[in-house]
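Asker: Just so it is clear, I am handing over input-v1.csv, which has CSV, C-alpha atoms.
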chain,number,residue,atom,x,y,z
A,13,MET,CA,1.2,-26.4,61.9
A,14,ILE,CA,3.4,-25.8,58.9
A,15,ALA,CA,4.3,-22.2,58.2
A,16,GLU,CA,3.4,-20.8,54.8
A,17,ALA,CA,6.0,-19.1,52.7
A,18,PRO,CA,5.9,-15.3,52.8
A,19,MET,CA,4.4,-13.6,49.8
A,20,HIS,CA,7.4,-11.9,48.3
A,21,THR,CA,9.8,-12.3,45.4
A,22,LEU,CA,12.2,-15.0,46.7
A,23,GLN,CA,12.8,-17.2,43.7
A,24,LEU,CA,13.5,-20.9,44.2
A,25,ALA,CA,15.0,-23.2,41.7
A,26,ASP,CA,12.5,-24.5,39.1
A,27,TRP,CA,12.7,-28.1,40.3
A,28,THR,CA,11.5,-27.1,43.8
A,29,GLN,CA,8.0,-26.3,42.4
A,30,THR,CA,7.3,-30.0,42.3
A,31,MET,CA,9.3,-30.9,45.4
A,32,SER,CA,7.8,-32.7,48.2
A,33,ARG,CA,8.8,-35.1,51.0
A,34,SER,CA,8.7,-38.7,49.8
A,35,VAL,CA,5.3,-40.4,50.5
A,36,LEU,CA,7.3,-43.1,52.4
A,37,ARG,CA,8.8,-40.6,54.9
A,38,GLN,CA,5.5,-39.0,55.5
A,39,MET,CA,3.9,-42.4,56.2
A,40,ILE,CA,6.6,-43.4,58.6
A,41,ALA,CA,5.5,-40.6,61.0
A,42,ILE,CA,1.9,-41.8,60.9
A,43,VAL,CA,2.6,-45.5,61.3
A,44,SER,CA,5.2,-45.1,64.0
A,45,ARG,CA,2.7,-43.9,66.6
A,46,PRO,CA,2.9,-45.6,70.1
A,47,GLY,CA,1.0,-48.8,70.3
A,48,ILE,CA,1.2,-49.5,66.6
A,49,LEU,CA,2.6,-52.9,65.5
A,50,SER,CA,4.6,-51.8,62.5
A,51,PHE,CA,5.8,-53.7,59.5
A,52,ALA,CA,6.4,-50.3,57.8
A,53,GLY,CA,9.9,-48.9,58.4
A,54,GLY,CA,12.7,-50.4,56.3
A,55,LEU,CA,14.9,-50.5,59.4
A,56,PRO,CA,17.3,-53.0,61.1
A,57,ASP,CA,16.4,-54.0,64.7
A,58,PRO,CA,18.1,-51.7,67.2
A,59,ASP,CA,18.2,-54.6,69.7
A,60,LEU,CA,20.7,-56.2,67.3
A,61,PHE,CA,23.1,-53.2,67.0
A,62,PRO,CA,26.7,-54.0,68.2
A,63,ARG,CA,26.6,-51.2,70.8
A,64,VAL,CA,29.1,-52.7,73.3
A,65,GLU,CA,31.7,-53.6,70.7
A,66,TYR,CA,31.3,-50.3,68.9
A,67,ALA,CA,31.6,-48.3,72.1
A,68,GLN,CA,34.8,-50.1,72.9
A,69,ALA,CA,36.1,-49.2,69.4
A,70,MET,CA,35.1,-45.6,69.8
A,71,GLU,CA,36.8,-45.3,73.2
A,72,THR,CA,40.0,-46.8,71.8
A,73,VAL,CA,40.1,-44.3,69.0
A,74,LEU,CA,39.4,-41.3,71.1
A,75,ALA,CA,42.0,-42.2,73.7
A,76,ALA,CA,44.7,-43.0,71.1
A,77,ASP,CA,44.2,-40.5,68.2
A,78,LYS,CA,43.6,-36.8,68.7
A,79,PHE,CA,43.3,-36.4,64.9
A,80,SER,CA,40.1,-38.5,65.0
A,81,LEU,CA,38.3,-35.3,65.7
A,82,GLN,CA,40.0,-33.3,63.0
A,83,TYR,CA,39.4,-32.8,59.3
A,84,ARG,CA,41.1,-35.8,57.7
A,85,PRO,CA,41.4,-37.5,54.3
A,86,PRO,CA,39.7,-40.9,53.7
A,87,LEU,CA,41.1,-43.5,56.0
A,88,GLU,CA,43.3,-46.0,54.1
A,89,THR,CA,42.9,-48.8,56.6
A,90,LEU,CA,39.2,-48.6,56.3
A,91,LYS,CA,39.5,-48.8,52.5
A,92,GLN,CA,41.5,-51.9,52.9
A,93,HIS,CA,38.8,-53.4,55.1
A,94,VAL,CA,36.2,-52.6,52.4
A,95,VAL,CA,38.4,-54.4,49.9
A,96,GLN,CA,38.2,-57.5,52.1
A,97,LEU,CA,34.4,-57.1,52.5
A,98,MET,CA,34.1,-56.8,48.7
A,99,ALA,CA,36.1,-60.0,48.3
A,100,GLN,CA,33.5,-61.8,50.5
A,101,ARG,CA,30.9,-60.6,47.9
A,102,GLY,CA,33.0,-62.0,45.1
A,103,VAL,CA,34.3,-58.6,43.9
A,104,THR,CA,38.0,-58.0,43.2
A,105,CYS,CA,39.1,-54.4,43.7
A,106,THR,CA,41.9,-52.3,45.2
A,107,PRO,CA,41.9,-49.6,47.8
A,108,GLU,CA,42.4,-47.0,45.0
A,109,GLN,CA,39.0,-48.0,43.7
A,110,ILE,CA,37.2,-47.4,47.0
A,111,PHE,CA,35.4,-44.1,47.6
A,112,LEU,CA,34.1,-43.6,51.1
A,113,THR,CA,30.7,-41.9,51.4
A,114,THR,CA,28.4,-40.6,54.1
A,115,GLY,CA,26.0,-43.5,53.7
A,116,ALA,CA,25.1,-45.1,50.4
A,117,GLN,CA,22.5,-42.4,49.9
A,118,GLN,CA,25.3,-39.9,49.4
A,119,GLY,CA,26.7,-42.3,46.7
A,120,LEU,CA,23.4,-42.0,44.8
A,121,ASP,CA,23.4,-38.3,45.1
A,122,ILE,CA,27.0,-38.0,43.9
A,123,LEU,CA,26.5,-40.3,40.9
A,124,SER,CA,23.3,-38.5,39.9
A,125,ARG,CA,25.1,-35.2,39.9
A,126,LEU,CA,28.1,-36.6,38.1
A,127,LEU,CA,26.3,-38.5,35.4
A,128,LEU,CA,22.9,-37.0,34.8
A,129,ASN,CA,22.4,-33.7,32.9
A,130,PRO,CA,19.3,-31.5,33.6
A,131,GLY,CA,16.4,-33.0,31.8
A,132,GLY,CA,18.3,-36.1,30.8
A,133,GLU,CA,17.2,-39.7,30.8
A,134,VAL,CA,17.5,-42.2,33.6
A,135,MET,CA,16.3,-45.8,33.6
A,136,LEU,CA,14.5,-47.1,36.8
A,137,GLU,CA,12.2,-49.9,37.6
A,138,GLU,CA,8.5,-49.0,38.0
A,139,MET,CA,8.7,-49.7,41.7
A,140,ILE,CA,11.9,-48.5,43.3
A,141,TYR,CA,13.6,-47.2,46.4
A,142,THR,CA,12.3,-43.7,47.1
A,143,GLY,CA,15.8,-42.3,47.9
A,144,MET,CA,16.8,-42.9,44.3
A,145,GLN,CA,13.9,-40.9,43.1
A,146,GLN,CA,14.8,-38.1,45.5
A,147,ALA,CA,18.5,-38.2,44.3
A,148,VAL,CA,17.6,-37.5,40.7
A,149,ALA,CA,14.7,-35.1,41.3
A,150,PRO,CA,16.8,-31.8,41.1
A,151,THR,CA,17.7,-32.6,37.4
A,152,GLN,CA,14.0,-33.2,36.5
A,153,PRO,CA,14.9,-36.2,34.4
A,154,HIS,CA,12.9,-38.1,31.9
A,155,ILE,CA,12.4,-41.5,33.6
A,156,LEU,CA,12.5,-44.6,31.4
A,157,ALA,CA,10.4,-47.0,33.6
A,158,VAL,CA,10.7,-50.8,33.2
A,159,PRO,CA,8.7,-53.5,34.9
A,160,THR,CA,10.0,-56.2,37.3
A,161,ASP,CA,9.3,-59.9,37.4
A,162,LEU,CA,8.7,-60.9,41.0
A,163,GLU,CA,10.6,-64.2,40.5
A,164,THR,CA,13.6,-63.2,38.5
A,165,GLY,CA,13.9,-59.4,38.9
A,166,ILE,CA,14.1,-56.5,36.4
A,167,ASP,CA,12.7,-57.1,32.9
A,168,VAL,CA,15.9,-57.2,30.9
A,169,ASP,CA,13.9,-57.4,27.6
A,170,ALA,CA,12.3,-54.1,28.4
A,171,VAL,CA,15.7,-52.6,29.2
A,172,GLU,CA,17.0,-53.8,25.8
A,173,ALA,CA,14.0,-52.6,24.0
A,174,HIS,CA,14.6,-49.0,25.2
A,175,LEU,CA,18.2,-49.2,24.2
A,176,ARG,CA,17.5,-50.7,20.8
A,177,ARG,CA,15.1,-47.8,20.1
A,178,GLY,CA,17.9,-45.3,20.7
A,179,ALA,CA,17.5,-44.4,24.4
A,180,ARG,CA,20.8,-43.6,26.1
A,181,PRO,CA,20.0,-43.0,29.8
A,182,ALA,CA,22.7,-41.5,32.0
A,183,PHE,CA,22.5,-44.7,34.0
A,184,LEU,CA,20.4,-47.7,34.9
A,185,TYR,CA,19.7,-48.0,38.7
A,186,VAL,CA,19.2,-51.5,40.2
A,187,VAL,CA,19.1,-53.2,43.6
A,188,PRO,CA,20.1,-56.7,42.5
A,189,ASP,CA,19.8,-58.4,45.8
A,190,ALA,CA,16.7,-58.3,48.1
A,191,HIS,CA,15.2,-55.4,46.2
A,192,ASN,CA,13.6,-52.6,48.1
A,193,PRO,CA,10.6,-52.7,48.1
A,194,LEU,CA,10.0,-55.9,46.1
A,195,GLY,CA,12.3,-58.3,47.9
A,196,VAL,CA,13.3,-60.1,44.7
A,197,SER,CA,16.8,-60.8,43.6
A,198,ILE,CA,17.9,-60.6,39.9
A,199,SER,CA,18.6,-64.0,38.5
A,200,PRO,CA,22.2,-64.9,37.5
A,201,GLN,CA,21.2,-65.1,33.8
A,202,LYS,CA,19.7,-61.6,33.9
A,203,ARG,CA,22.8,-60.2,35.6
A,204,GLU,CA,24.9,-61.4,32.7
A,205,ARG,CA,22.6,-59.8,30.2
A,206,LEU,CA,22.4,-56.5,32.0
A,207,VAL,CA,26.2,-56.2,32.1
A,208,GLN,CA,26.5,-57.1,28.5
A,209,LEU,CA,23.9,-54.4,27.6
A,210,ALA,CA,25.8,-51.9,29.6
A,211,ARG,CA,29.0,-52.7,27.6
A,212,THR,CA,27.3,-52.8,24.2
A,213,TYR,CA,25.4,-49.5,24.6
A,214,GLY,CA,27.7,-47.6,26.9
A,215,VAL,CA,25.2,-47.2,29.7
A,216,PRO,CA,26.5,-47.3,33.3
A,217,ILE,CA,24.8,-49.4,35.9
A,218,VAL,CA,24.5,-48.1,39.5
A,219,GLU,CA,24.3,-51.2,41.7
A,220,ASP,CA,22.9,-50.5,45.1
A,221,ASP,CA,23.7,-53.3,47.4
A,222,PRO,CA,22.7,-52.6,51.0
A,223,TYR,CA,21.4,-56.1,51.7
A,224,GLY,CA,24.0,-58.3,49.9
A,225,PHE,CA,25.5,-59.6,53.2
A,226,LEU,CA,22.0,-60.4,54.6
A,227,TYR,CA,21.2,-63.6,52.8
A,228,TYR,CA,19.2,-66.6,54.2
A,229,GLU,CA,19.3,-69.2,51.4
A,230,ASN,CA,22.6,-70.7,50.3
A,231,GLU,CA,25.2,-68.2,49.0
A,232,PRO,CA,24.1,-64.9,47.4
A,233,TYR,CA,24.4,-64.3,43.7
A,234,ALA,CA,27.5,-62.6,42.3
A,235,PRO,CA,27.2,-58.8,42.3
A,236,LEU,CA,27.1,-57.1,38.9
A,237,ARG,CA,30.4,-55.4,39.8
A,238,SER,CA,32.0,-58.8,39.8
A,239,LEU,CA,31.1,-59.2,36.2
A,240,ASP,CA,32.3,-55.8,35.0
A,241,ALA,CA,34.8,-53.3,36.5
A,242,ASP,CA,34.2,-50.5,34.0
A,243,TRP,CA,30.4,-50.0,33.6
A,244,VAL,CA,29.2,-50.9,37.1
A,245,PHE,CA,29.3,-48.5,40.0
A,246,TYR,CA,28.8,-50.5,43.2
A,247,LEU,CA,27.4,-48.9,46.4
A,248,GLY,CA,27.7,-50.6,49.8
A,249,SER,CA,26.8,-49.5,53.3
A,250,PHE,CA,27.5,-50.2,57.0
A,251,SER,CA,23.9,-49.2,57.8
A,252,LYS,CA,22.3,-52.6,57.6
A,253,ILE,CA,25.2,-54.7,58.8
A,254,MET,CA,26.2,-52.4,61.7
A,255,ALA,CA,23.9,-49.4,62.3
A,256,PRO,CA,22.3,-46.6,60.1
A,257,ALA,CA,23.4,-43.8,62.4
A,258,LEU,CA,27.0,-44.4,61.5
A,259,ARG,CA,26.2,-42.8,58.1
A,260,LEU,CA,29.1,-44.6,56.4
A,261,GLY,CA,29.1,-46.3,53.1
A,262,TRP,CA,31.4,-46.8,50.1
A,263,MET,CA,31.5,-46.9,46.3
A,264,VAL,CA,33.6,-49.1,44.1
A,265,ALA,CA,34.4,-47.1,41.0
A,266,PRO,CA,37.2,-46.9,38.3
A,267,GLU,CA,40.3,-45.4,39.8
A,268,TRP,CA,40.5,-42.6,37.2
A,269,LEU,CA,37.1,-41.3,38.4
A,270,ILE,CA,37.9,-41.0,42.1
A,271,PRO,CA,39.2,-37.4,41.8
A,272,LYS,CA,36.0,-36.2,40.1
A,273,LEU,CA,33.9,-38.0,42.7
A,274,THR,CA,35.9,-36.3,45.4
A,275,VAL,CA,35.2,-32.8,44.0
A,276,VAL,CA,31.4,-33.5,43.8
A,277,LYS,CA,31.5,-34.9,47.4
A,278,GLU,CA,33.4,-31.9,48.8
A,279,ALA,CA,30.6,-29.6,47.6
A,280,GLY,CA,28.2,-31.6,49.8
A,281,ASP,CA,30.0,-32.3,53.1
A,282,LEU,CA,33.7,-31.8,52.5
A,283,GLU,CA,34.4,-35.3,53.9
A,284,SER,CA,32.8,-38.2,55.8
A,285,SER,CA,33.3,-38.2,59.6
A,286,ALA,CA,36.9,-39.0,60.4
A,287,LEU,CA,35.8,-40.2,63.9
A,288,THR,CA,33.3,-42.6,62.5
A,289,GLN,CA,35.8,-44.0,59.9
A,290,ARG,CA,38.3,-44.7,62.6
A,291,ALA,CA,35.8,-46.2,65.0
A,292,VAL,CA,34.4,-48.5,62.3
A,293,ALA,CA,38.0,-49.5,61.3
A,294,ALA,CA,38.8,-50.3,64.9
A,295,TYR,CA,35.7,-52.4,65.2
A,296,LEU,CA,36.7,-54.3,62.1
A,297,ASP,CA,40.3,-54.6,63.3
A,298,ALA,CA,38.9,-56.4,66.4
A,299,GLY,CA,37.3,-59.0,64.1
A,300,HIS,CA,33.7,-58.5,65.3
A,301,LEU,CA,31.9,-58.1,62.0
A,302,SER,CA,31.8,-61.7,60.7
A,303,GLY,CA,30.2,-63.0,63.9
A,304,HIS,CA,27.8,-60.1,64.1
A,305,VAL,CA,26.6,-60.5,60.5
A,306,ALA,CA,26.2,-64.3,61.0
A,307,ARG,CA,23.9,-63.5,64.0
A,308,LEU,CA,21.9,-61.0,61.8
A,309,ARG,CA,21.5,-63.6,59.1
A,310,GLN,CA,20.3,-66.2,61.6
A,311,GLU,CA,17.8,-63.9,63.4
A,312,TYR,CA,16.5,-62.1,60.3
A,313,GLY,CA,16.1,-65.4,58.6
A,314,ARG,CA,13.9,-66.7,61.4
A,315,ARG,CA,11.8,-63.6,61.1
A,316,ARG,CA,11.5,-63.9,57.3
A,317,ASP,CA,10.4,-67.5,57.7
A,318,ALA,CA,7.9,-66.5,60.4
A,319,MET,CA,6.3,-63.9,58.2
A,320,LEU,CA,6.1,-66.3,55.2
A,321,THR,CA,4.4,-68.9,57.4
A,322,ALA,CA,2.0,-66.4,58.8
A,323,LEU,CA,1.1,-65.1,55.3
A,324,HIS,CA,0.3,-68.7,54.2
A,325,ARG,CA,-1.8,-69.2,57.4
A,326,TYR,CA,-3.8,-65.9,57.6
A,327,PHE,CA,-3.9,-64.2,54.2
A,328,PRO,CA,-6.6,-64.9,51.6
A,329,ALA,CA,-5.8,-67.5,48.9
A,330,GLU,CA,-6.0,-64.8,46.2
A,331,ALA,CA,-3.0,-62.9,47.7
A,332,GLN,CA,0.5,-63.5,46.3
A,333,TRP,CA,3.9,-62.5,47.7
A,334,THR,CA,7.6,-62.7,47.1
A,335,ARG,CA,10.0,-65.1,48.9
A,336,PRO,CA,13.1,-63.0,49.4
A,337,ARG,CA,16.5,-64.7,49.5
A,338,GLY,CA,17.7,-61.9,51.8
A,339,GLY,CA,17.2,-58.4,53.0
A,340,MET,CA,14.2,-57.1,55.0
A,341,PHE,CA,11.1,-57.0,52.8
A,342,ILE,CA,8.2,-59.0,51.4
A,343,TRP,CA,6.0,-57.6,48.7
A,344,VAL,CA,2.4,-58.6,48.7
A,345,GLU,CA,-0.1,-58.3,45.8
A,346,LEU,CA,-3.7,-58.4,46.8
A,347,PRO,CA,-6.8,-58.8,44.6
A,348,PRO,CA,-7.3,-55.8,42.2
A,349,GLU,CA,-10.3,-54.5,44.1
A,350,VAL,CA,-8.2,-53.9,47.3
A,351,ASP,CA,-6.9,-50.4,47.7
A,352,THR,CA,-4.0,-50.6,50.2
A,353,ALA,CA,-4.0,-46.9,50.9
A,354,VAL,CA,-7.6,-47.3,52.3
A,355,LEU,CA,-6.6,-50.6,54.0
A,356,LEU,CA,-3.7,-48.9,55.8
A,357,GLU,CA,-6.1,-46.4,57.5
A,358,THR,CA,-8.3,-49.2,58.6
A,359,ALA,CA,-5.4,-51.3,59.7
A,360,VAL,CA,-3.9,-48.5,61.8
A,361,ASN,CA,-7.1,-47.4,63.4
A,362,GLN,CA,-8.8,-50.7,64.0
A,363,ALA,CA,-6.1,-53.3,64.2
A,364,GLN,CA,-3.1,-51.2,65.3
A,365,VAL,CA,-1.0,-52.7,62.5
A,366,ALA,CA,1.0,-50.7,59.9
A,367,PHE,CA,2.6,-51.4,56.5
A,368,ILE,CA,3.6,-49.3,53.5
A,369,PRO,CA,1.1,-49.2,50.6
A,370,GLY,CA,2.8,-50.0,47.3
A,371,TYR,CA,2.1,-46.7,45.6
A,372,ALA,CA,4.7,-45.0,47.9
A,373,PHE,CA,7.4,-46.6,45.7
A,374,ALA,CA,6.0,-46.0,42.2
A,375,VAL,CA,7.8,-43.8,39.8
A,376,PRO,CA,5.8,-41.0,38.3
A,377,GLY,CA,3.2,-42.2,35.8
A,378,HIS,CA,3.0,-45.7,37.3
A,379,VAL,CA,-0.1,-46.6,39.3
A,380,VAL,CA,-0.4,-49.4,41.8
A,381,LYS,CA,-3.2,-49.7,44.3
A,382,ASN,CA,-3.4,-53.3,45.5
A,383,CYS,CA,0.1,-53.9,46.8
A,384,MET,CA,2.0,-53.5,50.1
A,385,ARG,CA,5.5,-53.8,51.4
A,386,LEU,CA,6.0,-55.6,54.7
A,387,THR,CA,9.2,-55.4,56.7
A,388,PHE,CA,10.1,-58.4,58.9
A,389,SER,CA,13.4,-57.2,60.4
A,390,THR,CA,12.1,-55.2,63.3
A,391,CYS,CA,9.7,-57.6,64.9
A,392,THR,CA,10.2,-61.0,66.7
A,393,PRO,CA,8.5,-64.1,65.2
A,394,ASP,CA,5.6,-64.1,67.7
A,395,VAL,CA,4.9,-60.4,67.1
A,396,ILE,CA,5.0,-61.0,63.3
A,397,ASP,CA,2.5,-63.8,63.6
A,398,GLU,CA,0.1,-61.6,65.6
A,399,GLY,CA,0.4,-58.7,63.2
A,400,ILE,CA,-0.1,-60.8,60.1
A,401,LYS,CA,-3.1,-62.5,61.8
A,402,ARG,CA,-4.7,-59.0,62.4
A,403,LEU,CA,-4.1,-58.0,58.8
A,404,GLY,CA,-5.4,-61.2,57.5
A,405,ALA,CA,-8.6,-60.8,59.5
A,406,LEU,CA,-9.2,-57.4,58.0
A,407,LEU,CA,-8.7,-58.7,54.4
A,408,LYS,CA,-11.0,-61.6,54.9
Would you mind writing the file out in structure tokens?
Answerer:
Amino acid sequence: MIAEAPMHTLQLADWTQTMSRSVLRQMIAIVSRPGILSFAGGLPDPDLFPRVEYAQAMETVLAADKFSLQYRPPLETLKQHVVQLMAQRGVTCTPEQIFLTTGAQQGLDILSRLLLNPGGEVMLEEMIYTGMQQAVAPTQPHILAVPTDLETGIDVDAVEAHLRRGARPAFLYVVPDAHNPLGVSISPQKRERLVQLARTYGVPIVEDDPYGFLYYENEPYAPLRSLDADWVFYLGSFSKIMAPALRLGWMVAPEWLIPKLTVVKEAGDLESSALTQRAVAAYLDAGHLSGHVARLRQEYGRRRDAMLTALHRYFPAEAQWTRPRGGMFIWVELPPEVDTAVLLETAVNQAQVAFIPGYAFAVPGHVVKNCMRLTFSTCTPDVIDEGIKRLGALLK
């Protein structure tokens, strides 16, 4: 039972009057009940975490460095590792342009506070990662919503139309590779156009790239940050390529802006864990990451293929879905008469299968009833086949 607020004169900030937990987080509690076969959570598989190697790295750090448990400035050797990781993604940068964060989510929060004035404009896709919506909520912004093509990504014509009409959002937020929740990757041609629009109109792009290393078809597309070093803020994370509980990410930003980012971050948490930074650096020093990520790509690729095969086999012919080049998600569009919020209740109670209805990701004012997000990363291929079979039977 949730306690009610006392009836007295405590005044909360105006924006809290409309504050609520994200629909997605509320659903996770429901669909994670024991016995439920879940395609809901946007999570990596804990069975694939590098626990042994990370434990060795942690033991080494604790034994050798007493300052690993102290307040410490950002670890330079970790920044150098991040520079090497960015080079693998096709981005040239220096350690002075690397800003370490407590997860990529903190990067979203910091940039929102740095760039977005109260009541200002921000440009988002109509269906978007819920953590971004939470990051901008305290400023109560006006959201310029643009649609997304499920083959080629964000509608760049709609972005340009807003800008031509005089809109100057504080930033445009995109997940160019393996979009959460849609699974789509922005085409190379659209990436070029987006960066050119950012330069022309002076609108920064926040590029959120948690899935860029998890690709299953050829090489991934070049990040937006590789096309422009001034107008693109790149966010990366160790959550999906190592483990979420590390709460360690990074930003690539212009060097002159790092001091301001530091001041904003200090107001939130002073600094990211010195111990975690050193343990991750030790793990990277030992050369474990490349082999680990290769294993993730192989296993998650198998699971993606299993889900795509099962969807073809069991879902009705009227359904459509994305074929993600990477990441963890497949977006399904069902016939218009299907309400996936209602379907979820039936699926959980009758078939013991869970997913996330599409409306959980919609920005305010955008309505979607007949879509769902399916996560393939947490289930083995045989379990995926069984779960999609159950859902397909309900739909038919």
Asker: Would you mind listing what lies within 6 Å of Gln109 in chain A as a PDB file with C-alpha atoms, keeping the file's coordinate frame, with only C-alpha atoms counted and same-chain residues fewer than 3 positions away left out?
Answerer:
ATOM      1  CA  THR A 106      41.900 -52.300  45.200  1.00  0.00           C
ATOM      2  CA  VAL A 264      33.600 -49.100  44.100  1.00  0.00           C
ATOM      3  CA  ALA A 265      34.400 -47.100  41.000  1.00  0.00           C
ATOM      4  CA  PRO A 266      37.200 -46.900  38.300  1.00  0.00           C
ATOM      5  CA  GLU A 267      40.300 -45.400  39.800  1.00  0.00           C
TER       6      GLU A 267
END
Asker: Pick out the closest residue to Glu138 in chain A from this set: A:Ala372, A:Leu97, A:Val73, A:Val344. Count only C-alpha atoms.
Answerer: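 Nearest candidate to Glu138 in chain A out of A:Ala372, A:Leu97, A:Val73, A:Val344: A:Ala372.
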Asker: Within 12 Å of (39.9, -40.2, 43.2), only C-alpha atoms: residues as a ChimeraX atom specification?
Answerer: /A:85-86,107-112,263-278
Asker: If you measure from CA of Val305 in chain A to CA of Leu123 in chain A, what distance in Å do you get, rounded to one decimal?
Answerer: 28.1 Å
Asker: Rank nothing, just name the residue among A:Val158, A:Ala69, A:Ala99, A:Ala359 nearest to His300 in chain A, using all atoms listed in the file.
Answerer: A:Ala69
Asker: Which residue, A:Tyr312, A:Ile217, A:Leu386, A:Pro150, has the smallest gap to Gln29 in chain A when you use only C-alpha atoms?
Answerer: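 Result for the nearest residue to Gln29 in chain A: A:Pro150.
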Asker: Considering only C-alpha atoms, tabulate each residue of range 325-351 of chain A that lies at most 10 Å from range 42-66 of chain A along with its nearest interatomic pair and the corresponding distance in Å to one decimal; arrange the rows by chain and ascending residue number and present them as CSV.
Answerer:
residue,atom,partner,partner_atom,distance
A:Gly339,CA,A:Pro56,CA,9.7
A:Met340,CA,A:Gly54,CA,7.0
A:Phe341,CA,A:Gly54,CA,7.6
A:Ile342,CA,A:Phe51,CA,10.0
Asker: Between A:Lys91, A:Arg125, A:Arg176, A:Arg211, single out the one closest to Gly280 in chain A, counting all atoms listed in the file.
Answerer: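 Among the listed residues, A:Arg125 lies closest to Gly280 in chain A.
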Asker: Rank nothing, just name the residue among A:Ser80, A:Gln23, A:Thr288, A:Asn192 nearest to Gly143 in chain A, using only C-alpha atoms.
Answerer: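 Ranked by minimum distance to Gly143 in chain A, first place goes to A:Asn192.
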Asker: Pick from A:Leu184, A:Leu120, A:Ala366, A:Ala67: nearest to Leu247 in chain A, with all atoms listed in the file counted?
Answerer: A:Leu120
Asker: Within 6 Å of Gly261 in chain A, counting all atoms listed in the file, which residues qualify if same-chain residues fewer than 5 places away don't, as a VMD selection string?
Answerer: chain A and resid 113 to 116 248 to 250
Asker: Quick one: residues within 12 Å of (-4.5, -61.7, 51.2) (file frame), counting all atoms listed in the file, please, as a PyMOL selection string.
Answerer: chain A and resi 322-333+343-350+352+355+382-384+400-408
Asker: Which value, in Å to one decimal, gives the distance between CA of Glu71 in chain A and CA of Thr390 in chain A?
Answerer: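 Calculated distance between CA of Glu71 in chain A and CA of Thr390 in chain A is 28.4 Å.
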Asker: Hey, can you check how far CA of Pro159 in chain A sits from CA of Val186 in chain A?
Answerer: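 Distance reported for this atom pair: 11.9 Å.
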Asker: Please provide as a list of chain:residue names all residues within 7 Å of Phe373 in chain A, with the sequence filter that same-chain residues fewer than 4 positions apart are discarded (counting only C-alpha atoms).
Answerer: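 Residues meeting the cut-off are A:Met139, A:Ile140, A:Tyr141, A:Thr142.
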Asker: Applying 10 Å and all atoms listed in the file, which residues near Leu239 in chain A remain after dropping the ones on its own chain fewer than 2 positions away? List them as a ChimeraX atom specification.
Answerer: /A:102-104,203-204,207-208,234-237,241-244
Asker: Considering all atoms listed in the file, tabulate each residue of range 58-159 of chain A that lies at most 7 Å from range 177-182 of chain A along with its nearest interatomic pair and the corresponding distance in Å to one decimal; arrange the rows by chain and ascending residue number and present them as CSV.
Answerer:
residue,atom,partner,partner_atom,distance
A:Leu127,CA,A:Ala182,CA,5.8
A:Leu128,CA,A:Ala182,CA,5.3
A:Glu133,CA,A:Pro181,CA,4.4
A:Val134,CA,A:Pro181,CA,4.6
A:Met135,CA,A:Pro181,CA,6.0
